[in-house]
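K.L.:
File entry.pdb follows (PDB, C-alpha atoms and all ligand atoms):
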```pdb
ATOM      1  CA  MET A   1     -17.257  -2.937   4.581
ATOM      2  CA  THR A   2     -16.056  -3.690   8.103
ATOM      3  CA  ILE A   3     -13.070  -5.977   8.487
ATOM      4  CA  PRO A   4     -13.276  -7.911  11.766
ATOM      5  CA  ARG A   5     -10.499  -7.489  14.311
ATOM      6  CA  VAL A   6      -8.735 -10.216  16.245
ATOM      7  CA  THR A   7      -7.545  -9.425  19.760
ATOM      8  CA  LEU A   8      -3.930 -10.407  20.467
ATOM      9  CA  ASN A   9      -2.754 -11.718  23.846
ATOM     10  CA  ASN A  10      -1.751  -8.220  24.980
ATOM     11  CA  GLY A  11      -5.101  -6.643  24.064
ATOM     12  CA  VAL A  12      -3.915  -5.073  20.797
ATOM     13  CA  GLN A  13      -6.406  -5.559  17.958
ATOM     14  CA  ILE A  14      -5.335  -6.597  14.460
ATOM     15  CA  PRO A  15      -7.562  -6.427  11.364
ATOM     16  CA  GLN A  16      -8.153 -10.050  10.350
ATOM     17  CA  LEU A  17      -7.575  -9.223   6.669
ATOM     18  CA  GLY A  18      -4.505  -7.343   5.519
ATOM     19  CA  TYR A  19      -2.537  -6.695   2.340
ATOM     20  CA  GLY A  20       0.578  -8.810   1.642
ATOM     21  CA  THR A  21       3.463  -7.032  -0.057
ATOM     22  CA  TYR A  22       5.988  -9.784  -0.842
ATOM     23  CA  LYS A  23       7.182  -9.503  -4.460
ATOM     24  CA  LEU A  24       5.132  -6.436  -5.302
ATOM     25  CA  PRO A  25       6.908  -4.549  -8.115
ATOM     26  CA  PRO A  26       8.915  -1.906  -6.164
ATOM     27  CA  ALA A  27       8.026   0.935  -8.512
ATOM     28  CA  GLU A  28       4.314   0.190  -8.046
ATOM     29  CA  THR A  29       4.269  -0.686  -4.360
ATOM     30  CA  ARG A  30       3.309   2.747  -3.028
ATOM     31  CA  ASP A  31       0.356   3.048  -5.412
ATOM     32  CA  LEU A  32      -0.767  -0.561  -4.861
ATOM     33  CA  VAL A  33      -0.780  -0.117  -1.073
ATOM     34  CA  LEU A  34      -2.793   3.077  -1.574
ATOM     35  CA  ARG A  35      -5.260   1.092  -3.707
ATOM     36  CA  ALA A  36      -5.533  -1.438  -0.907
ATOM     37  CA  PHE A  37      -6.361   1.381   1.539
ATOM     38  CA  ASP A  38      -9.002   2.634  -0.944
ATOM     39  CA  ALA A  39     -10.482  -0.889  -1.031
ATOM     40  CA  GLY A  40     -10.812  -0.847   2.767
ATOM     41  CA  TYR A  41      -7.667  -2.637   3.948
ATOM     42  CA  ARG A  42      -6.156  -1.172   7.109
ATOM     43  CA  HIS A  43      -3.362  -3.714   7.692
ATOM     44  CA  VAL A  44      -0.165  -4.099   5.643
ATOM     45  CA  ASP A  45       2.357  -6.927   5.966
ATOM     46  CA  THR A  46       5.935  -6.114   4.943
ATOM     47  CA  ALA A  47       9.439  -7.264   5.945
ATOM     48  CA  GLN A  48      13.024  -6.082   5.846
ATOM     49  CA  MET A  49      13.590  -8.936   3.371
ATOM     50  CA  TYR A  50      11.000  -7.551   0.914
ATOM     51  CA  ARG A  51      13.008  -4.334   0.469
ATOM     52  CA  ASN A  52       9.812  -2.293   0.209
ATOM     53  CA  GLU A  53       9.390  -0.828   3.706
ATOM     54  CA  ARG A  54      10.108   2.640   2.306
ATOM     55  CA  GLU A  55       7.314   2.387  -0.296
ATOM     56  CA  VAL A  56       4.892   0.989   2.295
ATOM     57  CA  GLY A  57       5.720   3.904   4.589
ATOM     58  CA  LEU A  58       5.227   6.390   1.731
ATOM     59  CA  ALA A  59       1.762   4.923   1.131
ATOM     60  CA  VAL A  60       0.845   5.182   4.832
ATOM     61  CA  ALA A  61       1.911   8.830   4.790
ATOM     62  CA  ALA A  62       0.151   9.625   1.510
ATOM     63  CA  SER A  63      -3.071   7.915   2.594
ATOM     64  CA  GLY A  64      -3.840  10.628   5.114
ATOM     65  CA  LEU A  65      -5.233   7.928   7.398
ATOM     66  CA  PRO A  66      -4.748   8.524  11.115
ATOM     67  CA  ARG A  67      -1.806   6.422  12.301
ATOM     68  CA  ASP A  68      -3.981   4.515  14.754
ATOM     69  CA  GLU A  69      -6.229   3.322  11.928
ATOM     70  CA  VAL A  70      -3.428   1.523  10.066
ATOM     71  CA  PHE A  71      -1.777  -1.678  11.303
ATOM     72  CA  VAL A  72       1.787  -2.160  10.009
ATOM     73  CA  THR A  73       3.776  -5.375  10.451
ATOM     74  CA  THR A  74       7.437  -5.786   9.553
ATOM     75  CA  LYS A  75       9.942  -8.580  10.190
ATOM     76  CA  LEU A  76      13.551  -8.983  11.283
ATOM     77  CA  ASN A  77      15.748 -10.206   8.449
ATOM     78  CA  ASN A  78      17.750 -13.409   8.819
ATOM     79  CA  ALA A  79      21.208 -11.845   9.037
ATOM     80  CA  PHE A  80      20.317  -9.916  12.195
ATOM     81  CA  HIS A  81      19.487 -12.396  14.942
ATOM     82  CA  ALA A  82      22.384 -11.348  17.189
ATOM     83  CA  HIS A  83      21.052  -9.013  19.917
ATOM     84  CA  ASP A  84      22.695  -5.736  18.861
ATOM     85  CA  ASP A  85      22.155  -6.457  15.161
ATOM     86  CA  ALA A  86      18.435  -6.971  15.815
ATOM     87  CA  LEU A  87      18.134  -3.652  17.651
ATOM     88  CA  ALA A  88      19.969  -1.806  14.860
ATOM     89  CA  ALA A  89      17.905  -3.518  12.151
ATOM     90  CA  PHE A  90      14.690  -2.498  13.911
ATOM     91  CA  ASP A  91      15.864   1.129  14.027
ATOM     92  CA  ARG A  92      16.516   0.959  10.272
ATOM     93  CA  SER A  93      12.984  -0.391   9.711
ATOM     94  CA  LEU A  94      11.452   2.565  11.544
ATOM     95  CA  THR A  95      13.557   4.932   9.445
ATOM     96  CA  GLU A  96      12.606   3.205   6.182
ATOM     97  CA  LEU A  97       8.919   3.157   7.117
ATOM     98  CA  GLY A  98       9.045   6.748   8.373
ATOM     99  CA  LEU A  99       7.198   5.676  11.519
ATOM    100  CA  ASP A 100       7.766   6.162  15.243
ATOM    101  CA  PHE A 101       6.448   2.682  16.002
ATOM    102  CA  VAL A 102       5.210  -0.443  14.234
ATOM    103  CA  ASP A 103       2.137  -2.377  15.253
ATOM    104  CA  LEU A 104       3.800  -5.783  15.031
ATOM    105  CA  PHE A 105       7.440  -6.847  14.711
ATOM    106  CA  LEU A 106       8.282 -10.488  13.965
ATOM    107  CA  ILE A 107      11.353 -12.715  13.775
ATOM    108  CA  HIS A 108      11.015 -13.763  10.120
ATOM    109  CA  TRP A 109      12.554 -17.278  10.334
ATOM    110  CA  PRO A 110      13.908 -19.282  13.298
ATOM    111  CA  LEU A 111      17.041 -20.524  11.440
ATOM    112  CA  PRO A 112      17.500 -23.399  13.902
ATOM    113  CA  ALA A 113      21.050 -24.239  12.762
ATOM    114  CA  VAL A 114      22.135 -20.630  13.354
ATOM    115  CA  GLY A 115      20.790 -20.995  16.891
ATOM    116  CA  LEU A 116      20.267 -17.322  17.727
ATOM    117  CA  TYR A 117      16.496 -16.956  17.726
ATOM    118  CA  THR A 118      16.161 -16.798  21.521
ATOM    119  CA  GLN A 119      18.763 -14.017  21.506
ATOM    120  CA  ALA A 120      16.771 -12.217  18.810
ATOM    121  CA  TRP A 121      13.635 -12.670  20.932
ATOM    122  CA  GLY A 122      15.390 -10.935  23.828
ATOM    123  CA  ALA A 123      15.993  -7.943  21.549
ATOM    124  CA  LEU A 124      12.337  -7.941  20.454
ATOM    125  CA  GLU A 125      11.271  -7.965  24.118
ATOM    126  CA  GLU A 126      13.386  -4.807  24.675
ATOM    127  CA  ILE A 127      11.835  -3.152  21.607
ATOM    128  CA  TYR A 128       8.371  -4.050  22.909
ATOM    129  CA  ALA A 129       9.194  -2.648  26.358
ATOM    130  CA  SER A 130      10.308   0.606  24.705
ATOM    131  CA  GLY A 131       6.854   0.994  23.116
ATOM    132  CA  ARG A 132       8.214   1.097  19.564
ATOM    133  CA  ALA A 133       6.387  -2.135  18.657
ATOM    134  CA  ARG A 134       2.824  -2.481  19.966
ATOM    135  CA  ALA A 135       3.137  -6.261  19.720
ATOM    136  CA  ILE A 136       5.919  -8.752  18.927
ATOM    137  CA  GLY A 137       5.792 -12.227  17.487
ATOM    138  CA  VAL A 138       7.468 -14.839  15.348
ATOM    139  CA  SER A 139       7.137 -16.304  11.880
ATOM    140  CA  ASN A 140       7.774 -19.805  10.612
ATOM    141  CA  PHE A 141       8.249 -21.177  14.131
ATOM    142  CA  GLN A 142       7.545 -24.859  14.655
ATOM    143  CA  PRO A 143       6.210 -25.886  18.088
ATOM    144  CA  SER A 144       9.750 -26.931  19.124
ATOM    145  CA  HIS A 145      11.061 -23.424  18.352
ATOM    146  CA  LEU A 146       8.144 -21.756  20.123
ATOM    147  CA  ALA A 147       8.668 -23.981  23.173
ATOM    148  CA  ARG A 148      12.225 -22.632  23.520
ATOM    149  CA  VAL A 149      11.019 -19.034  23.250
ATOM    150  CA  LEU A 150       8.373 -19.710  25.911
ATOM    151  CA  GLU A 151      11.018 -21.281  28.195
ATOM    152  CA  THR A 152      13.675 -18.602  27.820
ATOM    153  CA  GLY A 153      11.610 -15.458  27.244
ATOM    154  CA  THR A 154       9.289 -13.383  29.378
ATOM    155  CA  VAL A 155       6.812 -12.209  26.721
ATOM    156  CA  VAL A 156       4.580 -14.758  24.957
ATOM    157  CA  PRO A 157       4.658 -14.091  21.185
ATOM    158  CA  ALA A 158       1.429 -12.433  20.045
ATOM    159  CA  VAL A 159       1.397 -14.209  16.680
ATOM    160  CA  ASN A 160       3.067 -16.987  14.731
ATOM    161  CA  GLN A 161       2.972 -16.270  10.987
ATOM    162  CA  VAL A 162       3.258 -19.548   9.052
ATOM    163  CA  GLU A 163       2.389 -20.921   5.628
ATOM    164  CA  VAL A 164      -1.262 -22.080   5.703
ATOM    165  CA  HIS A 165      -3.735 -22.814   2.899
ATOM    166  CA  PRO A 166      -6.058 -25.691   1.983
ATOM    167  CA  TYR A 167      -3.127 -27.839   0.795
ATOM    168  CA  LEU A 168      -1.237 -27.195   4.085
ATOM    169  CA  ARG A 169      -3.651 -27.045   7.031
ATOM    170  CA  GLN A 170      -0.930 -26.850   9.694
ATOM    171  CA  ASP A 171      -3.064 -28.599  12.336
ATOM    172  CA  GLU A 172      -0.164 -29.186  14.734
ATOM    173  CA  VAL A 173       1.264 -25.660  14.603
ATOM    174  CA  ARG A 174      -2.185 -24.040  14.860
ATOM    175  CA  ALA A 175      -3.109 -26.214  17.845
ATOM    176  CA  PHE A 176       0.147 -25.335  19.626
ATOM    177  CA  ASP A 177      -0.378 -21.633  18.892
ATOM    178  CA  ALA A 178      -3.970 -21.733  20.164
ATOM    179  CA  ALA A 179      -3.010 -23.614  23.331
ATOM    180  CA  HIS A 180      -0.564 -20.820  24.192
ATOM    181  CA  GLY A 181      -2.729 -17.822  23.288
ATOM    182  CA  ILE A 182      -0.763 -17.144  20.095
ATOM    183  CA  VAL A 183      -2.748 -16.020  17.017
ATOM    184  CA  THR A 184      -1.885 -17.870  13.810
ATOM    185  CA  GLU A 185      -1.331 -15.698  10.763
ATOM    186  CA  ALA A 186      -1.605 -17.586   7.455
ATOM    187  CA  TRP A 187       1.010 -16.578   4.893
ATOM    188  CA  SER A 188       0.492 -17.477   1.227
ATOM    189  CA  PRO A 189      -3.193 -17.920   2.064
ATOM    190  CA  LEU A 190      -3.925 -18.642  -1.605
ATOM    191  CA  GLY A 191      -0.991 -21.061  -1.826
ATOM    192  CA  ARG A 192       0.519 -18.467  -4.195
ATOM    193  CA  GLY A 193      -2.390 -19.229  -6.531
ATOM    194  CA  THR A 194      -1.964 -23.022  -6.560
ATOM    195  CA  VAL A 195      -5.193 -23.794  -4.698
ATOM    196  CA  LEU A 196      -7.365 -21.577  -6.895
ATOM    197  CA  ALA A 197      -7.707 -24.133  -9.702
ATOM    198  CA  ASP A 198      -8.839 -26.897  -7.368
ATOM    199  CA  PRO A 199     -12.175 -28.391  -8.564
ATOM    200  CA  VAL A 200     -13.558 -28.612  -5.006
ATOM    201  CA  VAL A 201     -12.898 -24.909  -4.479
ATOM    202  CA  ALA A 202     -14.524 -24.191  -7.877
ATOM    203  CA  VAL A 203     -17.718 -26.044  -6.900
ATOM    204  CA  VAL A 204     -18.017 -24.167  -3.596
ATOM    205  CA  ALA A 205     -17.319 -20.870  -5.385
ATOM    206  CA  SER A 206     -20.016 -21.406  -7.970
ATOM    207  CA  ARG A 207     -22.541 -22.408  -5.295
ATOM    208  CA  HIS A 208     -21.968 -19.099  -3.493
ATOM    209  CA  GLY A 209     -21.555 -16.997  -6.658
ATOM    210  CA  VAL A 210     -18.071 -15.873  -5.603
ATOM    211  CA  THR A 211     -14.535 -16.509  -6.871
ATOM    212  CA  PRO A 212     -12.172 -19.332  -5.787
ATOM    213  CA  ALA A 213      -9.924 -16.781  -4.045
ATOM    214  CA  GLN A 214     -12.885 -15.443  -2.048
ATOM    215  CA  VAL A 215     -13.810 -18.990  -0.973
ATOM    216  CA  VAL A 216     -10.278 -19.758   0.185
ATOM    217  CA  LEU A 217      -9.907 -16.471   2.080
ATOM    218  CA  ARG A 218     -13.315 -17.000   3.688
ATOM    219  CA  TRP A 219     -12.197 -20.512   4.785
ATOM    220  CA  HIS A 220      -9.178 -18.961   6.547
ATOM    221  CA  VAL A 221     -11.238 -16.245   8.216
ATOM    222  CA  GLN A 222     -13.829 -18.734   9.487
ATOM    223  CA  ARG A 223     -10.985 -20.805  10.987
ATOM    224  CA  GLY A 224      -9.974 -17.692  12.915
ATOM    225  CA  ASP A 225      -6.597 -17.039  11.271
ATOM    226  CA  VAL A 226      -5.322 -13.634  10.159
ATOM    227  CA  VAL A 227      -4.679 -13.398   6.372
ATOM    228  CA  PHE A 228      -2.992 -10.932   4.018
ATOM    229  CA  PRO A 229      -3.287 -12.049   0.391
ATOM    230  CA  LYS A 230      -0.921 -10.376  -2.053
ATOM    231  CA  SER A 231      -2.069  -9.108  -5.411
ATOM    232  CA  ALA A 232      -0.549  -6.620  -7.805
ATOM    233  CA  THR A 233      -3.857  -6.531  -9.723
ATOM    234  CA  PRO A 234      -6.255  -3.756  -8.627
ATOM    235  CA  SER A 235      -9.442  -5.757  -9.345
ATOM    236  CA  ARG A 236      -8.117  -8.679  -7.264
ATOM    237  CA  ILE A 237      -7.074  -6.377  -4.420
ATOM    238  CA  ALA A 238     -10.718  -5.275  -4.179
ATOM    239  CA  GLN A 239     -12.099  -8.787  -4.712
ATOM    240  CA  ASN A 240      -9.935 -10.265  -1.952
ATOM    241  CA  ALA A 241     -11.327  -7.791   0.576
ATOM    242  CA  ASP A 242     -14.930  -8.505  -0.420
ATOM    243  CA  ILE A 243     -15.335 -11.665   1.661
ATOM    244  CA  PHE A 244     -17.554 -10.523   4.508
ATOM    245  CA  GLY A 245     -20.922 -10.699   2.715
ATOM    246  CA  PHE A 246     -21.229 -14.499   2.550
ATOM    247  CA  ALA A 247     -20.396 -17.495   4.754
ATOM    248  CA  LEU A 248     -19.276 -21.053   4.085
ATOM    249  CA  ASP A 249     -21.386 -23.745   5.726
ATOM    250  CA  ASP A 250     -20.058 -26.768   7.626
ATOM    251  CA  ASP A 251     -20.093 -28.971   4.501
ATOM    252  CA  ASP A 252     -18.055 -26.384   2.571
ATOM    253  CA  MET A 253     -15.525 -26.134   5.418
ATOM    254  CA  VAL A 254     -15.181 -29.927   5.674
ATOM    255  CA  ALA A 255     -14.754 -30.280   1.890
ATOM    256  CA  ILE A 256     -11.973 -27.678   1.836
ATOM    257  CA  ASP A 257     -10.341 -29.127   4.970
ATOM    258  CA  ALA A 258     -10.142 -32.464   3.106
ATOM    259  CA  LEU A 259      -7.882 -30.939   0.418
ATOM    260  CA  HIS A 260      -4.899 -31.027   2.800
ATOM    261  CA  ARG A 261      -1.895 -32.817   1.259
ATOM    262  CA  ASP A 262       0.972 -31.405   3.303
ATOM    263  CA  GLU A 263       2.183 -29.393   0.302
ATOM    264  CA  ARG A 264       4.362 -26.328   0.860
ATOM    265  CA  THR A 265       5.017 -23.490  -1.574
ATOM    266  CA  GLY A 266       7.899 -22.198   0.566
ATOM    267  CA  SER A 267      10.759 -23.490   2.703
ATOM    268  CA  HIS A 268      10.393 -25.830   5.670
ATOM    269  CA  PRO A 269      11.290 -23.971   8.890
ATOM    270  CA  ASP A 270      13.331 -26.903  10.227
ATOM    271  CA  THR A 271      15.725 -26.752   7.283
ATOM    272  CA  GLU A 272      15.733 -23.073   6.255
ATOM    273  CA  ASN A 273      18.989 -21.618   7.629
ATOM    274  CA  ARG A 274      20.077 -19.062   5.022
ATOM    275  CA  THR A 275      21.215 -15.790   6.546
ATOM    276  CA  GLY A 276      22.025 -13.912   3.347
ATOM    277  CA  ARG A 277      18.437 -13.223   2.301
TER     278      ARG A 277
HETATM  279  N1  LIG B 301       6.554 -14.844   6.884
HETATM  280  C1  LIG B 301       6.912 -15.422   5.750
HETATM  281  O1  LIG B 301       7.908 -16.168   5.691
HETATM  282  C2  LIG B 301       6.106 -15.157   4.514
HETATM  283  C3  LIG B 301       6.350 -15.913   3.361
HETATM  284  C4  LIG B 301       5.575 -15.661   2.242
HETATM  285  C5  LIG B 301       4.581 -14.683   2.264
HETATM  286  N2  LIG B 301       4.390 -13.934   3.394
HETATM  287  C6  LIG B 301       3.369 -12.859   3.442
HETATM  288  O2  LIG B 301       2.127 -13.381   2.981
HETATM  289  C7  LIG B 301       1.669 -12.586   1.891
HETATM  290  C8  LIG B 301       0.821 -13.404   0.943
HETATM  291  O3  LIG B 301       1.548 -14.537   0.477
HETATM  292  P1  LIG B 301       2.095 -14.676  -1.017
HETATM  293  O4  LIG B 301       2.268 -13.334  -1.595
HETATM  294  O5  LIG B 301       3.274 -15.574  -0.996
HETATM  295  O6  LIG B 301       0.954 -15.510  -1.776
HETATM  296  P2  LIG B 301      -0.640 -15.502  -1.884
HETATM  297  O7  LIG B 301      -1.206 -14.257  -1.325
HETATM  298  O8  LIG B 301      -1.124 -16.821  -1.390
HETATM  299  O9  LIG B 301      -0.824 -15.521  -3.461
HETATM  300  C9  LIG B 301      -0.400 -14.466  -4.294
HETATM  301  C10 LIG B 301      -0.625 -14.905  -5.739
HETATM  302  O10 LIG B 301      -2.026 -15.118  -5.960
HETATM  303  C11 LIG B 301      -2.469 -14.268  -7.009
HETATM  304  N3  LIG B 301      -3.802 -13.775  -6.631
HETATM  305  C12 LIG B 301      -4.089 -12.936  -5.598
HETATM  306  N4  LIG B 301      -5.405 -12.714  -5.532
HETATM  307  C13 LIG B 301      -5.967 -13.413  -6.528
HETATM  308  C14 LIG B 301      -7.301 -13.561  -6.990
HETATM  309  N5  LIG B 301      -8.314 -12.950  -6.369
HETATM  310  N6  LIG B 301      -7.525 -14.367  -8.046
HETATM  311  C15 LIG B 301      -6.521 -15.002  -8.672
HETATM  312  N7  LIG B 301      -5.223 -14.906  -8.283
HETATM  313  C16 LIG B 301      -4.954 -14.106  -7.226
HETATM  314  C17 LIG B 301      -1.459 -13.151  -7.124
HETATM  315  O11 LIG B 301      -1.389 -12.693  -8.453
HETATM  316  P3  LIG B 301      -1.283 -11.116  -8.868
HETATM  317  O12 LIG B 301      -0.370 -10.452  -7.883
HETATM  318  O13 LIG B 301      -0.702 -11.207 -10.256
HETATM  319  O14 LIG B 301      -2.669 -10.550  -8.847
HETATM  320  C18 LIG B 301      -0.173 -13.879  -6.744
HETATM  321  O15 LIG B 301       0.346 -14.591  -7.853
HETATM  322  C19 LIG B 301       2.975 -12.057   1.284
HETATM  323  O16 LIG B 301       2.760 -11.007   0.349
HETATM  324  C20 LIG B 301       3.718 -11.680   2.522
HETATM  325  O17 LIG B 301       3.204 -10.452   3.038
HETATM  326  C21 LIG B 301       5.130 -14.167   4.521
END
```
Could you quickly redo this structure as structure tokens?

P.N.:
Amino acid sequence: MTIPRVTLNNGVQIPQLGYGTYKLPPAETRDLVLRAFDAGYRHVDTAQMYRNEREVGLAVAASGLPRDEVFVTTKLNNAFHAHDDALAAFDRSLTELGLDFVDLFLIHWPLPAVGLYTQAWGALEEIYASGRARAIGVSNFQPSHLARVLETGTVVPAVNQVEVHPYLRQDEVRAFDAAHGIVTEAWSPLGRGTVLADPVVAVVASRHGVTPAQVVLRWHVQRGDVVFPKSATPSRIAQNADIFGFALDDDDMVAIDALHRDERTGSHPDTENRTGR
């Protein structure tokens, strides 16, 4: 199985399918990430907030894979947007992961009421210049937040990682990202499981002889977004990577597009301002 790669605005290539690690049981995380590598994944999405960077790093080391064949993303936690705090937090991430560099480092949330995300971006630009992050980007940034980063910064974010699934198409954010050369990464691509029981998804799945999760992940991939479904279930880890042997047709895509109902499973970035997470 070959997972396609998407080229970021600085030429770095990211596998379009990765493995999400939010809420994996800590004691099982190392082995689950190793299972994902066995199933063909070469991209892992973690965060300081998930408190599992150490286990992800242990899996990378134990895999025996050459470092340049694994793409590792981590994210700056909300308490550390001040410039020096961001630099120190990044150093801690490298230590936890046991790596000399990460492939992608993101600001996890903009926290607009805290008002420090442009300062945090300045720190990420320094980290990028030092070569310890091959690419830098943001997460949960609305177009208004991205516009400020574009005005005040010198590096255009490589990605914007936002909640996207059939119940939340994110047309406006994705259009803004695309217009500025920013790749959209879709978090909670399965809507944390909510979209899998949808009857429209079930009909498309049975027509193709695949599962609802495979249909939804295929919909994301055909829209061009980067995805990293999370599963703590080995059979689902393998199933979620097995989406490159079939294709949805235009009617399937339109039917799934029509499921949009502006429904979030997580916080809204305009109102999420907690720093203690
Ligand atoms: N930047 C951000 O703010 C942010 C926020 C949220 C998530 N993320 C990232 O995005 C990743 C994915 O999002 P997520 O974990 O919230 O949700 P998700 O991947 O949309 O859904 C995960 C849920 O779906 C279930 N599932 C997975 N594959 C399945 C399958 N083939 N069939 C049936 N059920 C299946 C999982 O169950 P089991 O585990 O029991 O198999 C789990 O309950 C995260 O792990 C994290 O890396 C980022």

K.L.:
Quick one: distance from CA of Phe37 in chain A to CA of Val183 in chain A in Å, one decimal?

P.N.:
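Taking CA of Phe37 in chain A and CA of Val183 in chain A, their separation equals 23.6 Å.
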
K.L.:
So which residues get picked by the PyMOL selection byres (((chain A and resi 190) around 12) and not hetatm) here, written as a PDB file with C-alpha atoms, in the frame of the given file?

P.N.:
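Okay, this is what ended up in expr24.pdb:
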```
ATOM      1  CA  GLY A  20       0.578  -8.810   1.642  1.00  0.00           C
ATOM      2  CA  GLU A 163       2.389 -20.921   5.628  1.00  0.00           C
ATOM      3  CA  VAL A 164      -1.262 -22.080   5.703  1.00  0.00           C
ATOM      4  CA  HIS A 165      -3.735 -22.814   2.899  1.00  0.00           C
ATOM      5  CA  PRO A 166      -6.058 -25.691   1.983  1.00  0.00           C
ATOM      6  CA  TYR A 167      -3.127 -27.839   0.795  1.00  0.00           C
ATOM      7  CA  LEU A 168      -1.237 -27.195   4.085  1.00  0.00           C
ATOM      8  CA  ALA A 186      -1.605 -17.586   7.455  1.00  0.00           C
ATOM      9  CA  TRP A 187       1.010 -16.578   4.893  1.00  0.00           C
ATOM     10  CA  SER A 188       0.492 -17.477   1.227  1.00  0.00           C
ATOM     11  CA  PRO A 189      -3.193 -17.920   2.064  1.00  0.00           C
ATOM     12  CA  GLY A 191      -0.991 -21.061  -1.826  1.00  0.00           C
ATOM     13  CA  ARG A 192       0.519 -18.467  -4.195  1.00  0.00           C
ATOM     14  CA  GLY A 193      -2.390 -19.229  -6.531  1.00  0.00           C
ATOM     15  CA  THR A 194      -1.964 -23.022  -6.560  1.00  0.00           C
ATOM     16  CA  VAL A 195      -5.193 -23.794  -4.698  1.00  0.00           C
ATOM     17  CA  LEU A 196      -7.365 -21.577  -6.895  1.00  0.00           C
ATOM     18  CA  ALA A 197      -7.707 -24.133  -9.702  1.00  0.00           C
ATOM     19  CA  ASP A 198      -8.839 -26.897  -7.368  1.00  0.00           C
ATOM     20  CA  VAL A 201     -12.898 -24.909  -4.479  1.00  0.00           C
ATOM     21  CA  PRO A 212     -12.172 -19.332  -5.787  1.00  0.00           C
ATOM     22  CA  ALA A 213      -9.924 -16.781  -4.045  1.00  0.00           C
ATOM     23  CA  GLN A 214     -12.885 -15.443  -2.048  1.00  0.00           C
ATOM     24  CA  VAL A 215     -13.810 -18.990  -0.973  1.00  0.00           C
ATOM     25  CA  VAL A 216     -10.278 -19.758   0.185  1.00  0.00           C
ATOM     26  CA  LEU A 217      -9.907 -16.471   2.080  1.00  0.00           C
ATOM     27  CA  ARG A 218     -13.315 -17.000   3.688  1.00  0.00           C
ATOM     28  CA  TRP A 219     -12.197 -20.512   4.785  1.00  0.00           C
ATOM     29  CA  HIS A 220      -9.178 -18.961   6.547  1.00  0.00           C
ATOM     30  CA  VAL A 227      -4.679 -13.398   6.372  1.00  0.00           C
ATOM     31  CA  PHE A 228      -2.992 -10.932   4.018  1.00  0.00           C
ATOM     32  CA  PRO A 229      -3.287 -12.049   0.391  1.00  0.00           C
ATOM     33  CA  LYS A 230      -0.921 -10.376  -2.053  1.00  0.00           C
ATOM     34  CA  SER A 231      -2.069  -9.108  -5.411  1.00  0.00           C
ATOM     35  CA  ASN A 240      -9.935 -10.265  -1.952  1.00  0.00           C
ATOM     36  CA  ARG A 264       4.362 -26.328   0.860  1.00  0.00           C
ATOM     37  CA  THR A 265       5.017 -23.490  -1.574  1.00  0.00           C
TER      38      THR A 265
END
```

K.L.:
Mind giving me the straight-line distance from CA of Phe80 in chain A to CA of Tyr50 in chain A in Å, one decimal?

P.N.:
14.8 Å

K.L.:
If I take CA of Thr21 in chain A and CA of Asp45 in chain A, how far is one from the other in Å, to one decimal?

P.N.:
6.1 Å

K.L.:
Please evaluate the PyMOL selection byres (((chain A and resi 141) around 10) and not hetatm) against the displayed coordinates and give the resulting residues as a PyMOL selection string.

P.N.:
chain A and resi 107-112+117+137-140+142-147+149+160-162+173+177+268-270

K.L.:
Which residue, A:Gln48, A:Asp257, A:His180, A:Ile237, has the smallest gap to Asp91 in chain A when you use only C-alpha atoms?

P.N.:
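Using only C-alpha atoms, Asp91 in chain A sits closest to A:Gln48.
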
K.L.:
Could you list, as an MDAnalysis selection string, every residue within 9 Å of range 244-251 of chain A, counting all atoms listed in the file and ignoring same-chain residues fewer than 6 positions away?

P.N.:
chainID A and resid 1:4 204 208 210 215 218:219 222

K.L.:
Could you turn the residues from that selection into a file that holds C-alpha atoms, as a short mmCIF file (atom, residue, chain, number, x, y, z; two decimals), in the coordinates of the input?

P.N.:
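Result written to part-v4.cif:
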```cif
data_model
loop_
_atom_site.label_atom_id
_atom_site.label_comp_id
_atom_site.auth_asym_id
_atom_site.auth_seq_id
_atom_site.Cartn_x
_atom_site.Cartn_y
_atom_site.Cartn_z
CA MET A 1 -17.26 -2.94 4.58
CA THR A 2 -16.06 -3.69 8.10
CA ILE A 3 -13.07 -5.98 8.49
CA PRO A 4 -13.28 -7.91 11.77
CA VAL A 204 -18.02 -24.17 -3.60
CA HIS A 208 -21.97 -19.10 -3.49
CA VAL A 210 -18.07 -15.87 -5.60
CA VAL A 215 -13.81 -18.99 -0.97
CA ARG A 218 -13.32 -17.00 3.69
CA TRP A 219 -12.20 -20.51 4.78
CA GLN A 222 -13.83 -18.73 9.49
#
```

K.L.:
Using all atoms listed in the file, which of A:His83, A:Arg42, A:Arg92, A:Arg30 sits nearest Val70 in chain A?

P.N.:
A:Arg42

K.L.:
Compare A:Val44, A:Ile127, A:Leu94, A:Ile256 by their minimum atom-to-atom distance to Gly18 in chain A, counting all atoms listed in the file, and give me the closest one.

P.N.:
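Ranked by minimum distance to Gly18 in chain A, first place goes to A:Val44.
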
K.L.:
Of the candidates A:Arg148, A:His43, A:Arg174, A:His260, which shows the shortest atom-to-atom distance to ligand LIG 301 (chain B), using only C-alpha atoms and all ligand atoms?

P.N.:
A:His43

K.L.:
In terms of the shortest atom-to-atom distance over only C-alpha atoms and all ligand atoms, which of A:Thr95, A:Thr154, A:Thr74, A:Thr275 is closest to ligand LIG 301 (chain B)?

P.N.:
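Nearest to ligand LIG 301 (chain B): A:Thr74.
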
K.L.:
Determine the nearest neighbour of ligand LIG 301 (chain B) from the options A:Ser206, A:Thr46, A:Gln13, A:Ser93, counting all atoms listed in the file.

P.N.:
A:Thr46

K.L.:
Applying 7 Å and only C-alpha atoms, which residues near Val226 in chain A remain after dropping the ones on its own chain fewer than 4 positions away? List them as a list in words.

P.N.:
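In the requested form, the answer reads Gln16, Leu17, Thr184, Glu185, Ala186 and Val221 of chain A.
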